[in-house]
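Below is protein.pdb, which holds PDB, C-alpha atoms, pLDDT in the B column.
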MODEL        1
ATOM      1  CA  MET A  10       0.000   0.000   0.000  1.00 79.00           C
ATOM      2  CA  LEU A  11       1.308   3.425  -0.979  1.00 87.00           C
ATOM      3  CA  HIS A  12       1.003   6.364   1.375  1.00 94.00           C
ATOM      4  CA  ILE A  13       0.212   9.515  -0.558  1.00 96.00           C
ATOM      5  CA  ILE A  14       1.990  12.789   0.153  1.00 95.00           C
ATOM      6  CA  ARG A  15       0.273  15.784  -1.476  1.00 96.00           C
ATOM      7  CA  LEU A  16       2.631  18.723  -1.776  1.00 96.00           C
ATOM      8  CA  GLY A  17       0.554  21.051  -3.949  1.00 96.00           C
ATOM      9  CA  LEU A  18       2.438  23.659  -6.009  1.00 97.00           C
ATOM     10  CA  VAL A  19       6.114  23.763  -4.963  1.00 96.00           C
ATOM     11  CA  LYS A  20       9.515  24.433  -6.467  1.00 95.00           C
ATOM     12  CA  TYR A  21      11.190  21.324  -7.853  1.00 94.00           C
ATOM     13  CA  SER A  22      14.150  21.796  -5.506  1.00 93.00           C
ATOM     14  CA  GLU A  23      11.799  21.676  -2.480  1.00 95.00           C
ATOM     15  CA  ALA A  24      10.098  18.523  -3.748  1.00 95.00           C
ATOM     16  CA  LEU A  25      13.517  16.954  -4.401  1.00 94.00           C
ATOM     17  CA  GLU A  26      14.580  17.589  -0.783  1.00 95.00           C
ATOM     18  CA  ILE A  27      11.413  15.877   0.433  1.00 96.00           C
ATOM     19  CA  MET A  28      11.919  12.954  -1.981  1.00 93.00           C
ATOM     20  CA  GLU A  29      15.504  12.465  -0.836  1.00 94.00           C
ATOM     21  CA  ALA A  30      14.506  12.563   2.851  1.00 95.00           C
ATOM     22  CA  GLU A  31      11.652  10.094   2.285  1.00 94.00           C
ATOM     23  CA  HIS A  32      13.963   7.836   0.263  1.00 93.00           C
ATOM     24  CA  ALA A  33      16.490   7.776   3.108  1.00 94.00           C
ATOM     25  CA  LEU A  34      13.762   6.833   5.594  1.00 94.00           C
ATOM     26  CA  LEU A  35      12.385   4.146   3.268  1.00 92.00           C
ATOM     27  CA  SER A  36      15.861   2.687   2.707  1.00 91.00           C
ATOM     28  CA  ALA A  37      16.631   2.599   6.421  1.00 93.00           C
ATOM     29  CA  ASP A  38      13.425   0.861   7.490  1.00 92.00           C
ATOM     30  CA  VAL A  39      12.038  -2.042   5.442  1.00 88.00           C
ATOM     31  CA  THR A  40       8.763  -1.865   7.380  1.00 91.00           C
ATOM     32  CA  ARG A  41       8.173   1.754   6.374  1.00 92.00           C
ATOM     33  CA  PRO A  42       5.374   2.102   3.786  1.00 94.00           C
ATOM     34  CA  GLU A  43       6.193   3.057   0.220  1.00 93.00           C
ATOM     35  CA  LYS A  44       5.154   6.567  -0.822  1.00 95.00           C
ATOM     36  CA  LEU A  45       3.623   8.376  -3.761  1.00 94.00           C
ATOM     37  CA  ILE A  46       4.414  12.077  -3.883  1.00 96.00           C
ATOM     38  CA  VAL A  47       1.806  14.113  -5.773  1.00 96.00           C
ATOM     39  CA  VAL A  48       2.898  17.579  -6.800  1.00 96.00           C
ATOM     40  CA  ASN A  49       2.687  20.486  -9.240  1.00 95.00           C
ATOM     41  CA  HIS A  50       5.860  22.422  -9.972  1.00 95.00           C
ATOM     42  CA  PHE A  51       6.579  26.027 -10.689  1.00 96.00           C
ATOM     43  CA  PRO A  52       8.256  26.169 -14.130  1.00 95.00           C
ATOM     44  CA  VAL A  53      11.290  23.868 -14.126  1.00 93.00           C
ATOM     45  CA  VAL A  54      13.469  21.965 -16.553  1.00 90.00           C
ATOM     46  CA  THR A  55      15.204  18.895 -15.199  1.00 87.00           C
ATOM     47  CA  MET A  56      18.131  17.331 -17.035  1.00 85.00           C
ATOM     48  CA  GLY A  57      18.734  13.608 -16.708  1.00 81.00           C
ATOM     49  CA  ASN A  58      21.921  11.601 -17.201  1.00 76.00           C
ATOM     50  CA  ARG A  59      21.829  11.807 -21.015  1.00 71.00           C
ATOM     51  CA  LYS A  60      22.438  15.576 -20.721  1.00 64.00           C
ATOM     52  CA  LEU A  61      21.400  16.516 -24.243  1.00 64.00           C
ATOM     53  CA  ASP A  62      21.574  20.303 -24.025  1.00 65.00           C
ATOM     54  CA  SER A  63      20.348  20.297 -27.635  1.00 69.00           C
ATOM     55  CA  ASP A  64      16.959  19.192 -26.210  1.00 75.00           C
ATOM     56  CA  LEU A  65      16.591  22.643 -24.626  1.00 78.00           C
ATOM     57  CA  ASN A  66      14.849  25.384 -26.616  1.00 76.00           C
ATOM     58  CA  GLN A  67      16.701  28.060 -24.642  1.00 78.00           C
ATOM     59  CA  PRO A  68      20.229  28.271 -23.245  1.00 80.00           C
ATOM     60  CA  ILE A  69      20.422  27.356 -19.560  1.00 80.00           C
ATOM     61  CA  GLU A  70      21.314  30.965 -18.675  1.00 83.00           C
ATOM     62  CA  THR A  71      18.124  32.202 -20.342  1.00 86.00           C
ATOM     63  CA  LEU A  72      15.947  29.806 -18.340  1.00 86.00           C
ATOM     64  CA  SER A  73      16.701  31.561 -15.041  1.00 86.00           C
ATOM     65  CA  GLN A  74      16.100  34.960 -16.663  1.00 90.00           C
ATOM     66  CA  LEU A  75      12.663  33.632 -17.644  1.00 90.00           C
ATOM     67  CA  GLY A  76      11.984  32.471 -14.083  1.00 90.00           C
ATOM     68  CA  ILE A  77      12.437  28.798 -14.960  1.00 90.00           C
ATOM     69  CA  GLU A  78      14.299  26.635 -12.469  1.00 90.00           C
ATOM     70  CA  TYR A  79      16.945  24.281 -13.945  1.00 90.00           C
ATOM     71  CA  SER A  80      18.153  21.164 -12.182  1.00 87.00           C
ATOM     72  CA  LYS A  81      20.569  18.391 -13.149  1.00 86.00           C
ATOM     73  CA  ILE A  82      19.221  15.219 -11.612  1.00 83.00           C
ATOM     74  CA  ASP A  83      20.123  11.556 -11.194  1.00 82.00           C
ATOM     75  CA  ARG A  84      17.706   9.800 -13.531  1.00 77.00           C
ATOM     76  CA  GLY A  85      17.705   8.525 -17.080  1.00 73.00           C
ATOM     77  CA  GLY A  86      16.617  10.546 -20.036  1.00 76.00           C
ATOM     78  CA  SER A  87      17.342  14.075 -21.064  1.00 79.00           C
ATOM     79  CA  ALA A  88      15.418  17.326 -20.582  1.00 83.00           C
ATOM     80  CA  THR A  89      11.937  17.323 -19.045  1.00 84.00           C
ATOM     81  CA  ALA A  90       9.811  20.430 -18.481  1.00 88.00           C
ATOM     82  CA  HIS A  91       7.159  20.788 -15.776  1.00 90.00           C
ATOM     83  CA  GLU A  92       4.751  23.687 -15.282  1.00 92.00           C
ATOM     84  CA  PRO A  93       1.897  24.574 -12.944  1.00 93.00           C
ATOM     85  CA  GLY A  94      -1.224  22.582 -13.763  1.00 93.00           C
ATOM     86  CA  GLN A  95       0.751  19.487 -14.763  1.00 93.00           C
ATOM     87  CA  LEU A  96       0.205  16.692 -12.274  1.00 92.00           C
ATOM     88  CA  VAL A  97       3.499  15.000 -11.386  1.00 93.00           C
ATOM     89  CA  LEU A  98       3.716  11.744  -9.450  1.00 92.00           C
ATOM     90  CA  TYR A  99       6.899  10.484  -7.829  1.00 91.00           C
ATOM     91  CA  PRO A 100       6.681   6.886  -6.595  1.00 93.00           C
ATOM     92  CA  LEU A 101       9.121   5.953  -3.841  1.00 93.00           C
ATOM     93  CA  VAL A 102       9.082   2.175  -3.918  1.00 92.00           C
ATOM     94  CA  ARG A 103      11.447  -0.684  -3.169  1.00 89.00           C
ATOM     95  CA  LEU A 104      12.907  -2.453  -6.195  1.00 87.00           C
ATOM     96  CA  ASP A 105      14.578  -5.764  -5.406  1.00 81.00           C
ATOM     97  CA  GLY A 106      16.432  -6.010  -8.721  1.00 77.00           C
ATOM     98  CA  LYS A 107      15.070  -9.499  -9.364  1.00 80.00           C
ATOM     99  CA  THR A 108      11.292  -9.555  -9.624  1.00 83.00           C
ATOM    100  CA  ARG A 109      10.830  -5.799  -9.335  1.00 86.00           C
ATOM    101  CA  THR A 110      13.418  -4.048 -11.472  1.00 89.00           C
ATOM    102  CA  VAL A 111      13.549  -0.472 -12.717  1.00 86.00           C
ATOM    103  CA  ARG A 112      12.630  -1.711 -16.188  1.00 86.00           C
ATOM    104  CA  SER A 113       9.675  -3.810 -15.004  1.00 90.00           C
ATOM    105  CA  PHE A 114       8.462  -0.957 -12.805  1.00 90.00           C
ATOM    106  CA  VAL A 115       8.656   1.568 -15.659  1.00 88.00           C
ATOM    107  CA  CYS A 116       6.787  -0.941 -17.867  1.00 91.00           C
ATOM    108  CA  SER A 117       4.030  -1.258 -15.274  1.00 91.00           C
ATOM    109  CA  LEU A 118       3.734   2.538 -15.035  1.00 90.00           C
ATOM    110  CA  GLU A 119       3.565   2.795 -18.821  1.00 92.00           C
ATOM    111  CA  GLN A 120       0.835   0.160 -18.929  1.00 94.00           C
ATOM    112  CA  ALA A 121      -1.157   1.940 -16.232  1.00 92.00           C
ATOM    113  CA  MET A 122      -1.036   5.154 -18.276  1.00 92.00           C
ATOM    114  CA  ILE A 123      -1.954   3.344 -21.503  1.00 95.00           C
ATOM    115  CA  ASP A 124      -4.927   1.735 -19.734  1.00 96.00           C
ATOM    116  CA  CYS A 125      -5.997   5.070 -18.216  1.00 94.00           C
ATOM    117  CA  CYS A 126      -5.818   6.837 -21.582  1.00 95.00           C
ATOM    118  CA  GLU A 127      -7.878   4.066 -23.174  1.00 96.00           C
ATOM    119  CA  LYS A 128     -10.683   4.677 -20.651  1.00 96.00           C
ATOM    120  CA  PHE A 129     -10.868   8.253 -21.937  1.00 96.00           C
ATOM    121  CA  GLY A 130     -10.815   7.211 -25.597  1.00 97.00           C
ATOM    122  CA  ILE A 131      -7.184   8.232 -26.105  1.00 96.00           C
ATOM    123  CA  LYS A 132      -4.890   5.874 -27.981  1.00 95.00           C
ATOM    124  CA  ALA A 133      -1.507   5.553 -26.305  1.00 94.00           C
ATOM    125  CA  GLN A 134       1.388   3.185 -26.870  1.00 93.00           C
ATOM    126  CA  ARG A 135       4.913   2.418 -25.748  1.00 91.00           C
ATOM    127  CA  ASP A 136       7.962   3.780 -27.511  1.00 89.00           C
ATOM    128  CA  PRO A 137      10.512   0.936 -27.294  1.00 84.00           C
ATOM    129  CA  LEU A 138      13.380   3.336 -28.029  1.00 82.00           C
ATOM    130  CA  HIS A 139      12.373   5.777 -25.270  1.00 77.00           C
ATOM    131  CA  PRO A 140      10.880   3.918 -22.307  1.00 78.00           C
ATOM    132  CA  GLY A 141       8.961   5.917 -19.766  1.00 73.00           C
TER     133      GLY A 141
ENDMDL
END
Show me this structure written as structure tokens.
Amino acid sequence: MLHIIRLGLVKYSEALEIMEAEHALLSADVTRPEKLIVVNHFPVVTMGNRKLDSDLNQPIETLSQLGIEYSKIDRGGSATAHEPGQLVLYPLVRLDGKTRTVRSFVCSLEQAMIDCCEKFGIKAQRDPLHPG
């Protein structure tokens, strides 16, 4: 069972601090419940490990002038933009690396979104080259 943490509209950096603190608690105590953080962000661009600056429409320096937070983060992928009104969910779950791997977890999230879209008459599908 996931415990839900609703943060509302917050800066990405604030949400990241909360995620890191919750992750540390979850890692230290195997009896602690897994969490789902639900949040909206003020304008932010996060850059994953692929670091493709060419994915940005503006130079990094211009982002701050436009009031857009920029954060290099430890996840796959490249640039991702979030803005107010966009619902963002961060699951904090245990992955054992055997039956519950990052790949299998991402696949299950993708399937949940595909199924949800289908209920609203929206056709969605996986992109094998760009999981997630």
Notebook entry, point to check: For this file, the PyMOL selection byres ((chain A and resi 17) around 7) selects which residues, as a list in words?
Noted result: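 So the PyMOL selection byres ((chain A and resi 17) around 7) ends up selecting Arg15, Leu16, Leu18, Val19, Val48 and Asn49 of chain A.
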Item checked: Atom-to-atom span, atom CA of Glu29 of chain A and atom CA of Asn66 of chain A, Å ->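 So the two atoms, atom CA of Glu29 of chain A and atom CA of Asn66 of chain A, lie 28.8 Å apart.
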Next item on the list: Find the residue from A:Gly141, A:Glu92, A:Arg135, A:Leu65 that sits nearest to Val115 of chain A; use all atoms listed in the file when measuring.
Entry: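 Comparing A:Gly141, A:Glu92, A:Arg135, A:Leu65 against Val115 of chain A, the winner is A:Gly141.
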Notebook entry, point to check: Counting only C-alpha atoms, what is within 10 Å of Met56 of chain A, bar same-chain residues fewer than 4 positions away, as a list in words?
Noted result: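 Final neighbour list, sorted by chain and number: Lys60, Leu61, Asp62, Asp64, Leu65, Tyr79, Ser80, Lys81, Ile82, Asp83, Arg84, Gly85, Gly86, Ser87, Ala88, Thr89 and Ala90 of chain A.
One distance worth recording is that between atom CA of Met28 of chain A and atom CA of Lys44 of chain A, which is 9.4 Å.
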Next item on the list: For atom CA of Gly130 of chain A and atom CA of Pro100 of chain A, quote the distance in Å rounded to one decimal.
Entry: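 Distance between the two atoms: 25.8 Å.
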Check: With all atoms listed in the file as the atoms that count, which of A:Leu101, A:Gly76, A:Pro93, A:Ile69 lies nearest to Glu31 of chain A?
Finding: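 Of A:Leu101, A:Gly76, A:Pro93, A:Ile69, the one nearest Glu31 of chain A, counting all atoms listed in the file, is A:Leu101.
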Notebook entry, point to check: Given the choices A:Leu75, A:Met10, A:Ala121, A:Leu98, which gets closest to Thr40 of chain A if the distance is worked out from only C-alpha atoms?
Noted result: A:Met10
Need the axis-aligned box for segment 128-131 of chain A with 4 Å each side, so what are the centre and edges in Å to one decimal, as lines of an AutoDock Vina configuration file?
center_x = -9.0
center_y = 6.5
center_z = -23.4
size_x = 11.7
size_y = 11.6
size_z = 13.5
Next item on the list: Have a look at A:Leu72, A:Leu25, A:Val102, A:Ala37 and name the one nearest to Ile13 of chain A; count all atoms listed in the file.
Entry: A:Val102
Coords for segment 46-57 of chain A, N, CA, C and O atoms, as an mmCIF file, in the first residue's frame:
data_model
loop_
_atom_site.group_PDB
_atom_site.id
_atom_site.type_symbol
_atom_site.label_atom_id
_atom_site.label_comp_id
_atom_site.auth_asym_id
_atom_site.auth_seq_id
_atom_site.Cartn_x
_atom_site.Cartn_y
_atom_site.Cartn_z
ATOM 1 N N ILE A 46 4.439 10.627 -4.046
ATOM 2 C CA ILE A 46 4.414 12.077 -3.883
ATOM 3 C C ILE A 46 3.663 12.666 -5.065
ATOM 4 O O ILE A 46 3.989 12.396 -6.220
ATOM 5 N N VAL A 47 2.646 13.471 -4.757
ATOM 6 C CA VAL A 47 1.806 14.113 -5.773
ATOM 7 C C VAL A 47 2.083 15.608 -5.691
ATOM 8 O O VAL A 47 1.975 16.211 -4.619
ATOM 9 N N VAL A 48 2.423 16.199 -6.828
ATOM 10 C CA VAL A 48 2.898 17.579 -6.800
ATOM 11 C C VAL A 48 2.623 18.279 -8.130
ATOM 12 O O VAL A 48 2.436 17.634 -9.161
ATOM 13 N N ASN A 49 2.606 19.597 -8.083
ATOM 14 C CA ASN A 49 2.687 20.486 -9.240
ATOM 15 C C ASN A 49 3.948 21.303 -9.027
ATOM 16 O O ASN A 49 4.278 21.639 -7.881
ATOM 17 N N HIS A 50 4.633 21.634 -10.105
ATOM 18 C CA HIS A 50 5.860 22.422 -9.972
ATOM 19 C C HIS A 50 5.694 23.794 -10.608
ATOM 20 O O HIS A 50 5.025 23.945 -11.631
ATOM 21 N N PHE A 51 6.362 24.767 -9.992
ATOM 22 C CA PHE A 51 6.579 26.027 -10.689
ATOM 23 C C PHE A 51 7.440 25.675 -11.904
ATOM 24 O O PHE A 51 8.063 24.609 -11.933
ATOM 25 N N PRO A 52 7.508 26.536 -12.922
ATOM 26 C CA PRO A 52 8.256 26.169 -14.130
ATOM 27 C C PRO A 52 9.674 25.679 -13.814
ATOM 28 O O PRO A 52 10.425 26.334 -13.097
ATOM 29 N N VAL A 53 9.982 24.490 -14.349
ATOM 30 C CA VAL A 53 11.290 23.868 -14.126
ATOM 31 C C VAL A 53 11.643 22.998 -15.316
ATOM 32 O O VAL A 53 10.773 22.426 -15.967
ATOM 33 N N VAL A 54 12.927 22.933 -15.611
ATOM 34 C CA VAL A 54 13.469 21.965 -16.553
ATOM 35 C C VAL A 54 14.455 21.114 -15.781
ATOM 36 O O VAL A 54 15.361 21.640 -15.127
ATOM 37 N N THR A 55 14.250 19.806 -15.815
ATOM 38 C CA THR A 55 15.204 18.895 -15.199
ATOM 39 C C THR A 55 15.985 18.204 -16.306
ATOM 40 O O THR A 55 15.446 17.915 -17.375
ATOM 41 N N MET A 56 17.262 17.967 -16.042
ATOM 42 C CA MET A 56 18.131 17.331 -17.035
ATOM 43 C C MET A 56 18.646 16.019 -16.468
ATOM 44 O O MET A 56 19.316 16.007 -15.437
ATOM 45 N N GLY A 57 18.305 14.929 -17.135
ATOM 46 C CA GLY A 57 18.734 13.608 -16.708
ATOM 47 C C GLY A 57 20.151 13.282 -17.136
ATOM 48 O O GLY A 57 20.883 14.140 -17.664
#
